[in-house]
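First up is the structure itself, then whatever we jot down about it.
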Amino acid sequence: VWTLTADLAEGQDDAFNTLMGEMVEATMAEAGTKSYEWHRSGNAIHINERYDTNDDAGIHLANFGENFAERFLAILTPTGLQVYGPAAGGVREGLAGFGATFYDQVGGFER
C-alpha cells in the first residue's frame, strides 16, 4: 500500500485529466490491484494504491515506467511517498527513486 503526493503544474488540467484517465484504465486491467484512487485539492494530488502482492505492485510499477512515467513527471512533481507494509521483490527499489518513506506494520488488521 502506498500514497504518492504530487503537485500539478499550472495550466496542465487537460493533460492531467487525460493522463489520469489512461492510467486508471490501464491499472484497472491489472488483476492484482485492490484499489487505485486519485484525489485532488487545488493543484495537490494524492494517489492511494493497494496491491494484493509485491509481484502485483511490481507489475504496476513496470507498466507505469514503460507507459506513463515520462508524461506523469512532465506535469506532476512528486512531493512525498509513504509506503505501508512489506515492500519486497524489487518494489522497494522501484519506489526509492520517488523519495519513499517505508513503514512496517506493527499492529492492527485488514478485513
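Ordering of the C-alpha cells sets the chain letters (A, B, ...), residue numbers begin anew at 1 in every chain, and ligands are numbered from 1 in the order given.
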Which of chain A DSSP labels strand (DSSP E), written as a ChimeraX atom specification
/A:2-8,33-41,44-51,76-84,101-103
DSSP-assigned alpha helix (DSSP H) among chain A, expressed as a ChimeraX atom specification:
/A:13-28,54-67,69-75,91-96
Using C-alpha atoms, can you write the selected residues to a file as a PDB file, in the first residue's frame?
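What landed in out-v7.pdb:
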```
ATOM      1  CA  ASP A  13      -5.509  20.400 -16.152  1.00  0.00           C
ATOM      2  CA  ASP A  14      -6.357  18.950 -19.568  1.00  0.00           C
ATOM      3  CA  ALA A  15      -3.135  16.930 -19.758  1.00  0.00           C
ATOM      4  CA  PHE A  16      -3.716  15.737 -16.181  1.00  0.00           C
ATOM      5  CA  ASN A  17      -7.286  14.611 -16.844  1.00  0.00           C
ATOM      6  CA  THR A  18      -6.236  12.729 -19.977  1.00  0.00           C
ATOM      7  CA  LEU A  19      -3.269  11.061 -18.289  1.00  0.00           C
ATOM      8  CA  MET A  20      -5.227  10.154 -15.169  1.00  0.00           C
ATOM      9  CA  GLY A  21      -7.981   8.562 -17.262  1.00  0.00           C
ATOM     10  CA  GLU A  22      -5.464   6.493 -19.210  1.00  0.00           C
ATOM     11  CA  MET A  23      -3.632   5.420 -16.057  1.00  0.00           C
ATOM     12  CA  VAL A  24      -6.825   4.438 -14.249  1.00  0.00           C
ATOM     13  CA  GLU A  25      -7.993   2.424 -17.258  1.00  0.00           C
ATOM     14  CA  ALA A  26      -4.643   0.636 -17.587  1.00  0.00           C
ATOM     15  CA  THR A  27      -4.425  -0.073 -13.862  1.00  0.00           C
ATOM     16  CA  MET A  28      -7.980  -1.404 -13.782  1.00  0.00           C
ATOM     17  CA  ASN A  54       4.532  -7.411  -4.151  1.00  0.00           C
ATOM     18  CA  ASP A  55       4.518  -9.108  -7.555  1.00  0.00           C
ATOM     19  CA  ASP A  56       1.316  -7.226  -8.423  1.00  0.00           C
ATOM     20  CA  ALA A  57       2.866  -3.940  -7.294  1.00  0.00           C
ATOM     21  CA  GLY A  58       5.892  -4.751  -9.451  1.00  0.00           C
ATOM     22  CA  ILE A  59       3.665  -5.291 -12.481  1.00  0.00           C
ATOM     23  CA  HIS A  60       2.115  -1.886 -11.895  1.00  0.00           C
ATOM     24  CA  LEU A  61       5.496  -0.193 -11.498  1.00  0.00           C
ATOM     25  CA  ALA A  62       6.726  -1.749 -14.749  1.00  0.00           C
ATOM     26  CA  ASN A  63       3.602  -0.599 -16.600  1.00  0.00           C
ATOM     27  CA  PHE A  64       3.965   2.904 -15.148  1.00  0.00           C
ATOM     28  CA  GLY A  65       7.618   3.115 -16.164  1.00  0.00           C
ATOM     29  CA  GLU A  66       7.003   1.815 -19.659  1.00  0.00           C
ATOM     30  CA  ASN A  67       3.816   3.718 -20.493  1.00  0.00           C
ATOM     31  CA  ALA A  69       6.356   7.908 -16.296  1.00  0.00           C
ATOM     32  CA  GLU A  70       7.612  10.464 -18.809  1.00  0.00           C
ATOM     33  CA  ARG A  71       4.242  12.203 -19.218  1.00  0.00           C
ATOM     34  CA  PHE A  72       3.478  11.943 -15.487  1.00  0.00           C
ATOM     35  CA  LEU A  73       6.748  13.581 -14.447  1.00  0.00           C
ATOM     36  CA  ALA A  74       6.365  16.305 -17.093  1.00  0.00           C
ATOM     37  CA  ILE A  75       3.235  17.671 -15.376  1.00  0.00           C
ATOM     38  CA  VAL A  91       9.197  -2.867  -5.130  1.00  0.00           C
ATOM     39  CA  ARG A  92      11.299  -1.067  -2.515  1.00  0.00           C
ATOM     40  CA  GLU A  93      13.964  -0.289  -5.099  1.00  0.00           C
ATOM     41  CA  GLY A  94      11.349   0.802  -7.643  1.00  0.00           C
ATOM     42  CA  LEU A  95       9.800   3.259  -5.209  1.00  0.00           C
ATOM     43  CA  ALA A  96      13.003   4.562  -3.637  1.00  0.00           C
TER      44      ALA A  96
END
```
For a test of reading the model, state the distance in Å between atom CA of A:Ile45 and atom CA of A:Asp7, rounded to one decimal.
6.0 Å
Find the residues around A:Ala6 up to 8 Å (only C-alpha atoms counted), leave out those fewer than 6 positions away in its own chain, and share them as a PDB file with N, CA, C and O atoms, in the first residue's frame.
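Listed below is the output, selection-v4.pdb:
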```
ATOM      1  N   ALA A  44      -2.802  20.076  -5.522  1.00  0.00           N
ATOM      2  CA  ALA A  44      -2.252  18.971  -4.739  1.00  0.00           C
ATOM      3  C   ALA A  44      -2.975  17.687  -5.120  1.00  0.00           C
ATOM      4  O   ALA A  44      -4.203  17.608  -5.081  1.00  0.00           O
ATOM      5  N   ILE A  45      -2.193  16.685  -5.492  1.00  0.00           N
ATOM      6  CA  ILE A  45      -2.723  15.393  -5.924  1.00  0.00           C
ATOM      7  C   ILE A  45      -2.249  14.324  -4.954  1.00  0.00           C
ATOM      8  O   ILE A  45      -1.068  14.294  -4.588  1.00  0.00           O
ATOM      9  N   HIS A  46      -3.176  13.456  -4.533  1.00  0.00           N
ATOM     10  CA  HIS A  46      -2.825  12.286  -3.724  1.00  0.00           C
ATOM     11  C   HIS A  46      -3.326  11.057  -4.471  1.00  0.00           C
ATOM     12  O   HIS A  46      -4.484  11.016  -4.902  1.00  0.00           O
ATOM     13  N   LEU A  76       3.568  16.546 -13.236  1.00  0.00           N
ATOM     14  CA  LEU A  76       3.416  16.351 -11.794  1.00  0.00           C
ATOM     15  C   LEU A  76       4.780  16.248 -11.125  1.00  0.00           C
ATOM     16  O   LEU A  76       5.653  15.517 -11.590  1.00  0.00           O
ATOM     17  N   THR A  77       4.945  16.969 -10.030  1.00  0.00           N
ATOM     18  CA  THR A  77       6.176  16.916  -9.255  1.00  0.00           C
ATOM     19  C   THR A  77       5.893  16.157  -7.969  1.00  0.00           C
ATOM     20  O   THR A  77       5.126  16.640  -7.120  1.00  0.00           O
ATOM     21  N   PRO A  78       6.450  14.957  -7.817  1.00  0.00           N
ATOM     22  CA  PRO A  78       6.232  14.212  -6.570  1.00  0.00           C
ATOM     23  C   PRO A  78       6.752  14.997  -5.369  1.00  0.00           C
ATOM     24  O   PRO A  78       7.838  15.586  -5.411  1.00  0.00           O
ATOM     25  N   THR A  79       5.951  15.003  -4.293  1.00  0.00           N
ATOM     26  CA  THR A  79       6.327  15.705  -3.069  1.00  0.00           C
ATOM     27  C   THR A  79       6.470  14.763  -1.891  1.00  0.00           C
ATOM     28  O   THR A  79       6.974  15.157  -0.844  1.00  0.00           O
ATOM     29  N   GLY A  80       6.015  13.530  -2.039  1.00  0.00           N
ATOM     30  CA  GLY A  80       6.143  12.555  -0.964  1.00  0.00           C
ATOM     31  C   GLY A  80       5.610  11.207  -1.393  1.00  0.00           C
ATOM     32  O   GLY A  80       4.782  11.112  -2.299  1.00  0.00           O
TER      33      GLY A  80
END
```
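Between atom CA of A:Thr5 and atom CA of A:Asp104 the interatomic distance comes to 19.4 Å.
Nearest residue to A:Ile47, choosing from A:Gly89, A:Phe68, A:Gln12, A:Ser35 and counting only C-alpha atoms: A:Ser35.
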Nearby residues (only C-alpha atoms) at most 9 Å from A:Asn48, same-chain spacing under 6 positions excluded, as a ChimeraX atom specification
/A:1-5,35-39
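One distance worth recording is that between atom CA of A:Tyr84 and atom CA of A:Gly99, which is 14.0 Å.
The nearest approach to A:Gln82 among the residues A:Thr53, A:Ser41, A:Thr33, A:Thr101, with only C-alpha atoms taken into account, belongs to A:Thr101.
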